[in-house]
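Q: Supplied structure: protein-v7.cif, mmCIF, C-alpha atoms and all ligand atoms.
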data_structure
#
loop_
_atom_site.label_atom_id
_atom_site.label_comp_id
_atom_site.auth_asym_id
_atom_site.auth_seq_id
_atom_site.Cartn_x
_atom_site.Cartn_y
_atom_site.Cartn_z
CA MET A 18 116.44 131.22 86.21
CA ASP A 19 118.32 128.06 87.11
CA GLU A 20 116.90 125.57 89.57
CA ARG A 21 119.34 126.40 92.37
CA LYS A 22 118.27 130.00 92.30
CA TYR A 23 114.58 129.02 92.62
CA ILE A 24 115.43 126.79 95.56
CA ASP A 25 117.47 129.49 97.31
CA GLU A 26 114.68 132.01 96.84
CA ALA A 27 112.07 129.54 98.04
CA VAL A 28 114.09 128.65 101.13
CA SER A 29 114.47 132.25 102.19
CA ALA A 30 110.79 132.93 101.44
CA PHE A 31 109.93 129.92 103.61
CA ARG A 32 112.03 131.23 106.50
CA ALA A 33 110.16 134.55 106.31
CA LEU A 34 106.80 132.74 106.25
CA LEU A 35 107.74 130.67 109.28
CA GLU A 36 108.83 133.72 111.26
CA GLU A 37 105.66 135.58 110.30
CA GLN A 38 103.41 132.65 111.26
CA ILE A 39 105.14 132.14 114.60
CA LYS A 40 104.55 135.82 115.36
CA ARG A 41 100.89 135.44 114.41
CA GLN A 42 100.50 132.43 116.71
CA ASP A 43 102.22 134.33 119.55
CA ARG A 44 99.86 137.29 119.11
CA MET A 45 96.84 134.96 119.29
CA ALA A 46 98.22 133.20 122.35
CA ALA A 47 98.78 136.57 124.07
CA ALA A 48 95.24 137.67 123.20
CA ALA A 49 93.86 134.42 124.65
CA ARG A 50 95.84 134.96 127.87
CA SER A 51 94.52 138.48 128.22
CA ARG A 52 90.99 137.09 127.85
CA GLY A 53 91.89 134.82 130.75
CA GLY A 54 91.31 131.79 128.55
CA ASP A 55 87.73 132.84 128.07
CA ASP A 56 86.26 133.91 124.78
CA LYS A 57 84.22 136.81 123.61
CA GLY A 58 85.05 140.04 125.40
CA SER A 59 81.48 141.19 124.88
CA ALA A 60 82.15 144.87 125.29
CA GLU A 61 79.24 147.20 125.92
CA ARG A 62 78.19 148.66 122.60
CA GLU A 63 77.79 152.36 122.08
CA GLU A 64 74.81 153.77 120.27
CA PRO A 65 74.08 154.00 117.47
CA LEU A 66 74.94 150.45 116.60
CA ILE A 67 76.25 150.56 113.04
CA ILE A 68 75.43 147.76 110.61
CA GLY A 69 77.63 148.01 107.52
CA ILE A 70 75.93 146.95 104.30
CA ALA A 71 78.33 145.88 101.54
CA SER A 72 76.49 144.50 98.53
CA GLY A 73 79.45 142.92 96.72
CA ASP A 74 79.01 141.90 93.09
CA GLY A 75 77.42 139.30 90.83
CA ILE A 76 74.08 138.35 92.40
CA GLY A 77 75.16 140.24 95.55
CA PRO A 78 73.20 143.48 94.96
CA VAL A 79 70.07 141.45 94.06
CA ILE A 80 69.92 139.40 97.24
CA MET A 81 71.24 142.21 99.46
CA ALA A 82 68.36 144.46 98.35
CA GLU A 83 65.99 141.90 99.90
CA ALA A 84 68.07 141.74 103.09
CA VAL A 85 67.90 145.52 103.45
CA LYS A 86 64.13 145.46 102.87
CA VAL A 87 63.72 142.89 105.64
CA LEU A 88 66.06 144.69 108.06
CA LYS A 89 64.25 148.00 107.49
CA THR A 90 61.00 146.27 108.38
CA LEU A 91 62.27 144.44 111.45
CA LEU A 92 64.31 147.35 112.79
CA LYS A 93 61.86 150.10 111.85
CA ASP A 94 61.68 151.59 115.36
CA GLU A 95 65.39 151.31 116.09
CA LEU A 96 66.26 152.96 112.77
CA ALA A 97 63.75 155.75 113.36
CA SER A 98 65.01 156.47 116.86
CA GLY A 99 68.65 156.40 115.76
CA LYS A 100 69.49 153.40 117.93
CA ILE A 101 70.69 151.54 114.85
CA GLU A 102 72.19 152.83 111.62
CA LEU A 103 72.39 150.90 108.33
CA ARG A 104 75.49 152.20 106.58
CA GLU A 105 76.12 151.49 102.87
CA ILE A 106 79.71 150.54 102.18
CA ASP A 107 80.58 150.94 98.51
CA GLY A 108 83.72 149.77 96.85
CA LEU A 109 83.67 146.00 97.38
CA THR A 110 82.75 145.47 93.72
CA ILE A 111 85.10 143.46 91.51
CA GLU A 112 85.59 146.56 89.31
CA ASN A 113 86.81 148.69 92.19
CA ARG A 114 88.93 145.90 93.69
CA MET A 115 90.59 145.23 90.32
CA ALA A 116 91.10 148.95 89.64
CA LYS A 117 92.76 149.45 93.04
CA GLY A 118 94.66 146.16 92.80
CA GLU A 119 93.61 145.39 96.37
CA ALA A 120 91.38 142.53 97.54
CA VAL A 121 89.76 144.96 99.96
CA PRO A 122 90.79 148.54 99.13
CA SER A 123 92.22 150.18 102.22
CA GLU A 124 89.61 152.95 102.41
CA VAL A 125 86.85 150.32 102.25
CA LEU A 126 88.50 148.34 105.04
CA SER A 127 88.72 151.41 107.26
CA GLN A 128 85.02 152.15 106.68
CA ILE A 129 84.20 148.55 107.59
CA LYS A 130 86.22 148.81 110.79
CA LYS A 131 84.03 151.71 111.89
CA CYS A 132 80.95 149.46 111.84
CA ASP A 133 79.94 147.16 114.70
CA VAL A 134 78.90 144.37 112.36
CA LEU A 135 78.96 143.86 108.62
CA LEU A 136 76.38 142.27 106.34
CA LYS A 137 78.23 141.32 103.19
CA GLY A 138 77.03 140.19 99.78
CA PRO A 139 79.12 137.71 97.81
CA THR A 140 82.24 139.00 96.07
CA THR A 141 83.84 137.55 92.93
CA THR A 142 87.41 136.28 93.09
CA PRO A 143 89.22 136.07 89.77
CA LYS A 144 90.80 132.65 89.17
CA GLY A 145 94.57 132.86 88.95
CA GLY A 146 96.22 136.27 88.91
CA THR A 147 97.30 137.79 92.18
CA LEU A 148 94.10 139.35 93.55
CA GLU A 149 93.24 137.57 96.79
CA SER A 150 89.65 136.71 97.68
CA ALA A 151 87.94 139.61 99.48
CA ASN A 152 86.47 137.08 101.91
CA VAL A 153 89.83 135.69 102.84
CA THR A 154 91.26 139.20 103.27
CA LEU A 155 88.34 140.38 105.42
CA ARG A 156 88.44 137.28 107.61
CA ARG A 157 92.16 137.80 108.17
CA GLU A 158 92.13 141.61 108.60
CA LEU A 159 89.18 141.50 111.02
CA ASP A 160 90.47 138.29 112.62
CA LEU A 161 87.14 136.52 112.13
CA TYR A 162 88.32 133.12 113.23
CA ALA A 163 85.01 131.31 113.70
CA ASN A 164 82.94 130.52 110.65
CA VAL A 165 79.64 129.35 112.04
CA ARG A 166 77.12 127.72 109.70
CA PRO A 167 73.83 126.22 110.86
CA VAL A 168 72.01 123.66 108.73
CA GLN A 169 68.59 122.30 109.60
CA VAL A 170 66.27 119.79 107.98
CA PRO A 171 63.36 119.61 110.43
CA GLU A 172 61.50 116.80 108.66
CA GLU A 173 64.56 114.60 109.15
CA ASP A 174 65.34 115.87 112.60
CA ILE A 175 68.66 117.29 111.40
CA ASP A 176 70.04 120.17 113.44
CA TRP A 177 73.68 120.70 112.59
CA MET A 178 76.05 123.48 113.60
CA PHE A 179 79.37 123.76 111.80
CA PHE A 180 82.38 125.48 113.32
CA ARG A 181 84.93 126.02 110.59
CA GLU A 182 88.31 127.50 111.46
CA ASN A 183 88.32 130.61 109.31
CA THR A 184 91.73 132.24 109.27
CA GLU A 185 94.40 129.60 108.81
CA GLY A 186 94.84 126.08 107.42
CA GLU A 187 95.07 126.09 103.64
CA TYR A 188 93.91 129.69 103.43
CA VAL A 189 96.42 131.68 105.42
CA LEU A 190 99.21 131.34 102.86
CA GLY A 191 96.95 130.37 99.97
CA SER A 192 98.27 133.03 97.63
CA ARG A 193 101.90 132.63 98.71
CA GLY A 194 102.92 129.18 97.51
CA ILE A 195 106.03 128.30 95.52
CA ASP A 196 106.39 127.50 91.82
CA ILE A 197 109.35 125.96 90.08
CA PRO A 198 108.10 126.39 86.50
CA GLY A 199 107.75 123.19 84.54
CA LYS A 200 108.63 121.13 87.63
CA LEU A 201 106.47 121.63 90.67
CA SER A 202 104.16 123.82 92.70
CA MET A 203 103.84 123.85 96.47
CA ASP A 204 101.24 125.44 98.73
CA PHE A 205 101.32 125.65 102.48
CA LYS A 206 98.86 124.70 105.18
CA VAL A 207 99.35 126.13 108.66
CA THR A 208 97.78 124.99 111.92
CA THR A 209 98.72 126.99 115.00
CA ASP A 210 98.10 125.96 118.59
CA ALA A 211 96.42 129.22 119.57
CA GLY A 212 94.43 129.36 116.32
CA THR A 213 93.05 125.88 116.89
CA ARG A 214 92.41 126.37 120.57
CA ARG A 215 90.20 129.43 119.99
CA ILE A 216 87.97 127.79 117.35
CA ALA A 217 87.71 124.64 119.49
CA ARG A 218 86.66 126.76 122.44
CA ALA A 219 84.02 128.52 120.33
CA ALA A 220 82.59 125.16 119.24
CA PHE A 221 82.53 123.62 122.72
CA ASP A 222 81.14 126.81 124.28
CA TYR A 223 78.33 126.69 121.75
CA ALA A 224 77.73 122.97 122.39
CA LYS A 225 77.53 123.60 126.13
CA ALA A 226 75.22 126.61 125.84
CA ALA A 227 72.95 124.83 123.37
CA GLY A 228 72.75 121.64 125.42
CA LYS A 229 74.48 119.54 122.76
CA THR A 230 76.24 116.37 123.79
CA LYS A 231 78.55 115.60 120.87
CA VAL A 232 81.19 117.41 118.85
CA ALA A 233 82.60 115.74 115.71
CA ILE A 234 86.20 116.76 115.00
CA VAL A 235 86.70 116.36 111.26
CA THR A 236 90.22 116.10 109.81
CA LYS A 237 92.40 113.90 107.63
CA ALA A 238 94.95 113.40 110.39
CA ASN A 239 95.94 109.99 109.02
CA ILE A 240 97.49 111.78 106.03
CA MET A 241 98.04 115.43 107.07
CA LYS A 242 99.85 114.22 110.12
CA LYS A 243 101.36 117.47 111.31
CA THR A 244 98.66 120.05 110.71
CA ASP A 245 95.52 117.95 111.15
CA GLY A 246 97.28 115.87 113.79
CA SER A 247 97.75 118.99 115.95
CA PHE A 248 94.26 120.21 115.16
CA SER A 249 92.73 117.02 116.50
CA ARG A 250 95.02 116.81 119.52
CA ILE A 251 94.32 120.40 120.59
CA CYS A 252 90.57 119.97 120.10
CA HIS A 253 90.70 116.99 122.47
CA GLU A 254 92.68 119.04 125.01
CA VAL A 255 89.97 121.71 124.90
CA ALA A 256 87.25 119.04 125.09
CA ALA A 257 88.64 117.94 128.44
CA ASP A 258 87.28 121.21 129.90
CA TYR A 259 83.75 120.26 128.84
CA PRO A 260 82.65 117.17 130.75
CA GLY A 261 79.47 115.67 129.38
CA ILE A 262 80.30 116.61 125.81
CA GLU A 263 81.73 113.77 123.81
CA ALA A 264 84.48 114.61 121.27
CA ASP A 265 84.74 112.16 118.37
CA ASP A 266 87.33 112.01 115.58
CA TRP A 267 86.15 111.57 112.02
CA TYR A 268 87.98 111.68 108.72
CA ILE A 269 86.67 114.13 106.15
CA ASP A 270 86.14 111.49 103.44
CA ILE A 271 83.84 109.28 105.49
CA MET A 272 82.11 112.35 106.92
CA THR A 273 81.16 113.52 103.43
CA ALA A 274 79.71 110.02 102.92
CA ASN A 275 77.90 110.10 106.26
CA LEU A 276 76.16 113.36 105.38
CA VAL A 277 74.46 111.68 102.43
CA ASN A 278 73.49 108.67 104.52
CA PRO A 279 70.02 109.32 105.97
CA ALA A 280 70.43 106.41 108.38
CA VAL A 281 73.20 108.11 110.37
CA ARG A 282 73.29 111.81 109.56
CA ARG A 283 70.73 113.01 112.05
CA ASP A 284 72.95 111.80 114.90
CA PHE A 285 75.56 114.50 114.28
CA GLN A 286 75.21 117.72 116.21
CA VAL A 287 78.25 120.02 116.18
CA PHE A 288 81.12 119.81 113.69
CA LEU A 289 84.58 121.28 114.29
CA MET A 290 86.97 121.47 111.36
CA PRO A 291 89.98 123.11 109.76
CA ASN A 292 89.29 125.72 107.11
CA LEU A 293 89.17 123.88 103.77
CA TYR A 294 87.26 120.83 105.00
CA GLY A 295 84.77 123.23 106.55
CA ASP A 296 84.40 125.07 103.27
CA ILE A 297 83.59 121.87 101.41
CA LEU A 298 81.50 120.09 104.03
CA THR A 299 79.26 123.11 104.62
CA ASP A 300 78.38 123.36 100.93
CA GLU A 301 77.42 119.69 101.01
CA ALA A 302 75.36 120.20 104.15
CA ALA A 303 73.64 123.26 102.68
CA GLU A 304 72.67 121.24 99.63
CA ILE A 305 70.97 118.71 101.92
CA GLN A 306 69.01 121.56 103.50
CA GLY A 307 67.71 122.71 100.13
CA GLY A 308 70.64 124.28 98.30
CA VAL A 309 73.54 126.64 98.97
CA GLY A 310 71.05 129.44 98.32
CA THR A 311 69.37 128.60 101.61
CA ALA A 312 72.34 128.76 104.00
CA GLY A 313 73.70 131.68 105.97
CA SER A 314 77.04 132.09 107.65
CA ALA A 315 78.52 134.07 110.53
CA ASN A 316 82.20 135.00 110.64
CA THR A 317 83.02 136.08 114.15
CA GLY A 318 86.08 137.13 116.08
CA ASP A 319 86.65 138.79 119.42
CA ARG A 320 86.07 142.26 118.04
CA TYR A 321 84.30 142.21 114.67
CA ALA A 322 81.64 140.07 113.05
CA MET A 323 80.60 139.64 109.44
CA PHE A 324 77.49 137.87 108.16
CA GLU A 325 77.04 136.51 104.66
CA ALA A 326 75.55 133.82 102.43
CA ILE A 327 77.63 130.68 102.24
CA HIS A 328 77.74 130.78 98.44
CA GLY A 329 79.63 132.95 95.99
CA SER A 330 78.59 135.66 93.52
CA ALA A 331 77.25 133.17 90.92
CA PRO A 332 78.79 134.80 87.82
CA ARG A 333 77.20 132.10 85.67
CA MET A 334 73.70 133.17 86.75
CA VAL A 335 74.57 136.76 85.91
CA GLU A 336 75.93 135.80 82.46
CA GLU A 337 72.78 133.83 81.73
CA GLY A 338 70.62 136.81 82.71
CA LEU A 339 69.25 135.02 85.78
CA ALA A 340 70.59 137.28 88.55
CA GLU A 341 67.14 138.42 89.65
CA TYR A 342 66.15 134.78 90.19
CA ALA A 343 68.86 134.25 92.82
CA ASN A 344 67.67 132.94 96.16
CA PRO A 345 67.86 135.58 98.93
CA ALA A 346 67.11 132.98 101.66
CA SER A 347 70.83 132.56 102.34
CA ILE A 348 71.44 136.22 103.09
CA LEU A 349 68.16 136.44 105.06
CA LYS A 350 69.46 133.58 107.26
CA ALA A 351 72.64 135.61 107.65
CA CYS A 352 70.47 138.55 108.78
CA GLU A 353 68.86 136.28 111.35
CA MET A 354 72.30 135.30 112.70
CA MET A 355 73.34 138.94 112.77
CA LEU A 356 70.22 140.00 114.69
CA ARG A 357 70.91 137.24 117.22
CA HIS A 358 74.54 138.36 117.52
CA ILE A 359 73.59 141.96 118.31
CA GLY A 360 71.06 140.84 120.89
CA PHE A 361 67.72 141.06 119.05
CA ILE A 362 66.73 137.50 119.85
CA GLU A 363 62.98 137.91 119.35
CA LYS A 364 63.42 139.59 115.99
CA ALA A 365 65.86 136.85 114.96
CA ASP A 366 63.35 134.17 115.99
CA ALA A 367 60.58 135.95 114.11
CA LEU A 368 62.68 136.13 110.96
CA SER A 369 63.70 132.48 111.28
CA GLU A 370 60.07 131.36 111.66
CA THR A 371 58.95 133.52 108.75
CA ILE A 372 61.65 132.24 106.38
CA LYS A 373 60.75 128.69 107.35
CA ALA A 374 57.02 129.33 106.81
CA CYS A 375 57.65 130.99 103.45
CA MET A 376 59.70 128.01 102.30
CA GLU A 377 57.10 125.53 103.50
CA GLU A 378 54.09 127.36 102.06
CA LYS A 379 55.78 127.39 98.66
CA LYS A 380 53.95 130.49 97.40
CA ALA A 381 57.18 132.00 96.11
CA VAL A 382 59.60 129.21 95.29
CA VAL A 383 63.00 130.46 94.19
CA THR A 384 64.72 127.86 92.03
CA GLY A 385 67.54 129.94 90.57
CA THR A 386 65.93 129.54 87.13
CA SER A 387 63.49 131.73 85.20
CA GLY A 388 60.75 129.21 85.99
CA GLY A 389 61.01 130.08 89.69
CA ALA A 390 60.14 133.14 91.72
CA LYS A 391 62.40 136.19 91.75
CA ALA A 392 64.47 137.24 94.74
CA ALA A 393 62.19 140.27 95.12
CA ASP A 394 59.07 138.05 95.18
CA PHE A 395 60.50 136.03 98.04
CA GLY A 396 61.69 139.16 99.87
CA ASP A 397 58.27 140.81 99.54
CA TYR A 398 56.60 137.64 100.76
CA VAL A 399 58.82 137.51 103.84
CA VAL A 400 58.18 141.20 104.58
CA SER A 401 54.42 140.71 104.22
CA LYS A 402 54.46 137.98 106.87
CA LEU A 403 56.74 139.63 109.42
C1 LIG B 501 82.90 130.37 101.53
C2 LIG B 501 83.44 130.63 100.15
C3 LIG B 501 84.80 131.29 100.29
C4 LIG B 501 85.73 130.30 100.96
C5 LIG B 501 85.40 131.81 98.98
C6 LIG B 501 84.48 132.81 98.32
C7 LIG B 501 86.76 132.41 99.20
O1 LIG B 501 83.49 129.46 99.41
O2 LIG B 501 82.71 131.33 102.29
O3 LIG B 501 82.67 129.21 101.85
O4 LIG B 501 86.37 129.48 100.30
O5 LIG B 501 85.81 130.36 102.18
MG MG B 502 82.58 127.79 100.34
#
Translate this file's structure into structure tokens.
A:
Amino acid sequence: MDERKYIDEAVSAFRALLEEQIKRQDRMAAAARSRGGDDKGSAEREEPLIIGIASGDGIGPVIMAEAVKVLKTLLKDELASGKIELREIDGLTIENRMAKGEAVPSEVLSQIKKCDVLLKGPTTTPKGGTLESANVTLRRELDLYANVRPVQVPEEDIDWMFFRENTEGEYVLGSRGIDIPGKLSMDFKVTTDAGTRRIARAAFDYAKAAGKTKVAIVTKANIMKKTDGSFSRICHEVAADYPGIEADDWYIDIMTANLVNPAVRRDFQVFLMPNLYGDILTDEAAEIQGGVGTAGSANTGDRYAMFEAIHGSAPRMVEEGLAEYANPASILKACEMMLRHIGFIEKADALSETIKACMEEKKAVVTGTSGGAKAADFGDYVVSKL
């Protein structure tokens, strides 16, 4: 194909992308207006409350087995009385997704939409090719715009809460960039007003409810002037509705440095960031807490919510025969966040305390290597102490 033809095709593809993204922003803005500017239409739930359980692949089934064990213990009465149902959702495996040629096969998505909340194991995304990440698809299809990731290091007095925008930025058109073979490649990053406003509101609402006094807005607005520039500006507009909470701008590079600086890191409280910076910074933060295997994550929207570990399916561990040594603490933290979300605060607190105690007592230390404890050892230990 000659160059002109590539350019013409790219220009018309770009027009279509722009029109589609403007429509998406307008839909979000309309939804925000119908909420009256307020978040979280917390509709009354009908019984039974259905928790979807999708194990994923790689180390997913190993760690999810421990999560199910723990949930069955904590929710014994509710499961027996039919108040809550745990519903297996098959079909999120890499084999099924590849066979169907869909990141989330449509019948799996419709099963997920029948659940109130979803607990999801990690899912493998092939590098290259055209299959999109199942995570990215689920976050978009269920409109899970807030990725909420807590990180705590009590001995250092660190209590961080990350609010990562979860549906746009570098991710929304991530598989729809442009290639001019042998010459250049271009990807797109999209920041919408309504998309930024709703994640900013989620972060400031949390800060207010939790009695926090500072929100760090993390961008690279000195370079990504349009997208990050708007992100920061809109976050400050939202901040104006929250007197008493200070909104500070930080650049992502110095923030990654700050997180490894023990002299300053404990001063941060709430972080608010576009998608890709949030992806990277939360892995760094998790490592400071004790490893990505120790961090859970909530993906929430106005209607659906999905809870997961912050890490991936660890194909390398599986190849090396180490899957059963994967750390289930991450998905157990996700269970804690899910219990809190559906209103079981005491059970969530109990689980949180137990995980903490089990990590401190060091009777079953999962290291991700064959020298450490197995996922099942840690799971059994948690169950025995609940
Ligand atoms: C995460 C993961 C995902 C992401 C991958 C699996 C698509 O790294 O949840 O942080 O990049 O968001
Ligand atoms: Mg990540």
Q: Quick one: distance from CA of Pro139 in chain A to CA of Ala82 in chain A in Å, one decimal?
A: 12.7 Å
Q: Just want the 10 Å neighbourhood of Gly194 in chain A, counted on all atoms listed in the file, with same-chain residues fewer than 6 positions away dropped. Output as number ranges by chain.
A: A: 27, 30-31, 202-206
Q: Restricting the calculation to all atoms listed in the file: of A:Arg282, A:Asp366, A:Phe179, A:Glu149, which residue gets closest to Ile297 in chain A?
A: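 Looking only at the distances to Ile297 in chain A, the closest residue turns out to be A:Phe179.
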Q: Name the residues in contact with Gly75 in chain A at a cut-off of 10 Å, using all atoms listed in the file, excluding same-chain residues fewer than 5 positions from it; report them as a list in words.
A: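 So the residues in contact are Ile80, Thr110, Ile111, Gly138, Pro139, Thr140, Thr141, Gly329, Ser330, Ala331, Pro332, Arg333, Met334, Val335, Glu336 and Ala340 of chain A.
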Q: Nearest to Thr299 in chain A: which of A:Val125, A:Met81, A:Ile269, A:Ala238 is it, counting all atoms listed in the file?
A: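 With all atoms listed in the file as the atom set, the closest residue is A:Ile269.
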Q: Which protein, DNA or RNA residues have an atom at most 12 Å from (82.4, 114.9, 128.7), counting all atoms listed in the file? List them as a PDB file with C-alpha atoms, keeping the file's coordinate frame.
A:
ATOM      1  CA  PHE A 221      82.530 123.620 122.720  1.00  0.00           C
ATOM      2  CA  ALA A 224      77.730 122.970 122.390  1.00  0.00           C
ATOM      3  CA  LYS A 225      77.530 123.600 126.130  1.00  0.00           C
ATOM      4  CA  LYS A 229      74.480 119.540 122.760  1.00  0.00           C
ATOM      5  CA  THR A 230      76.240 116.370 123.790  1.00  0.00           C
ATOM      6  CA  LYS A 231      78.550 115.600 120.870  1.00  0.00           C
ATOM      7  CA  VAL A 232      81.190 117.410 118.850  1.00  0.00           C
ATOM      8  CA  HIS A 253      90.700 116.990 122.470  1.00  0.00           C
ATOM      9  CA  GLU A 254      92.680 119.040 125.010  1.00  0.00           C
ATOM     10  CA  VAL A 255      89.970 121.710 124.900  1.00  0.00           C
ATOM     11  CA  ALA A 256      87.250 119.040 125.090  1.00  0.00           C
ATOM     12  CA  ALA A 257      88.640 117.940 128.440  1.00  0.00           C
ATOM     13  CA  ASP A 258      87.280 121.210 129.900  1.00  0.00           C
ATOM     14  CA  TYR A 259      83.750 120.260 128.840  1.00  0.00           C
ATOM     15  CA  PRO A 260      82.650 117.170 130.750  1.00  0.00           C
ATOM     16  CA  GLY A 261      79.470 115.670 129.380  1.00  0.00           C
ATOM     17  CA  ILE A 262      80.300 116.610 125.810  1.00  0.00           C
ATOM     18  CA  GLU A 263      81.730 113.770 123.810  1.00  0.00           C
ATOM     19  CA  ALA A 264      84.480 114.610 121.270  1.00  0.00           C
ATOM     20  CA  ASP A 265      84.740 112.160 118.370  1.00  0.00           C
TER      21      ASP A 265
END
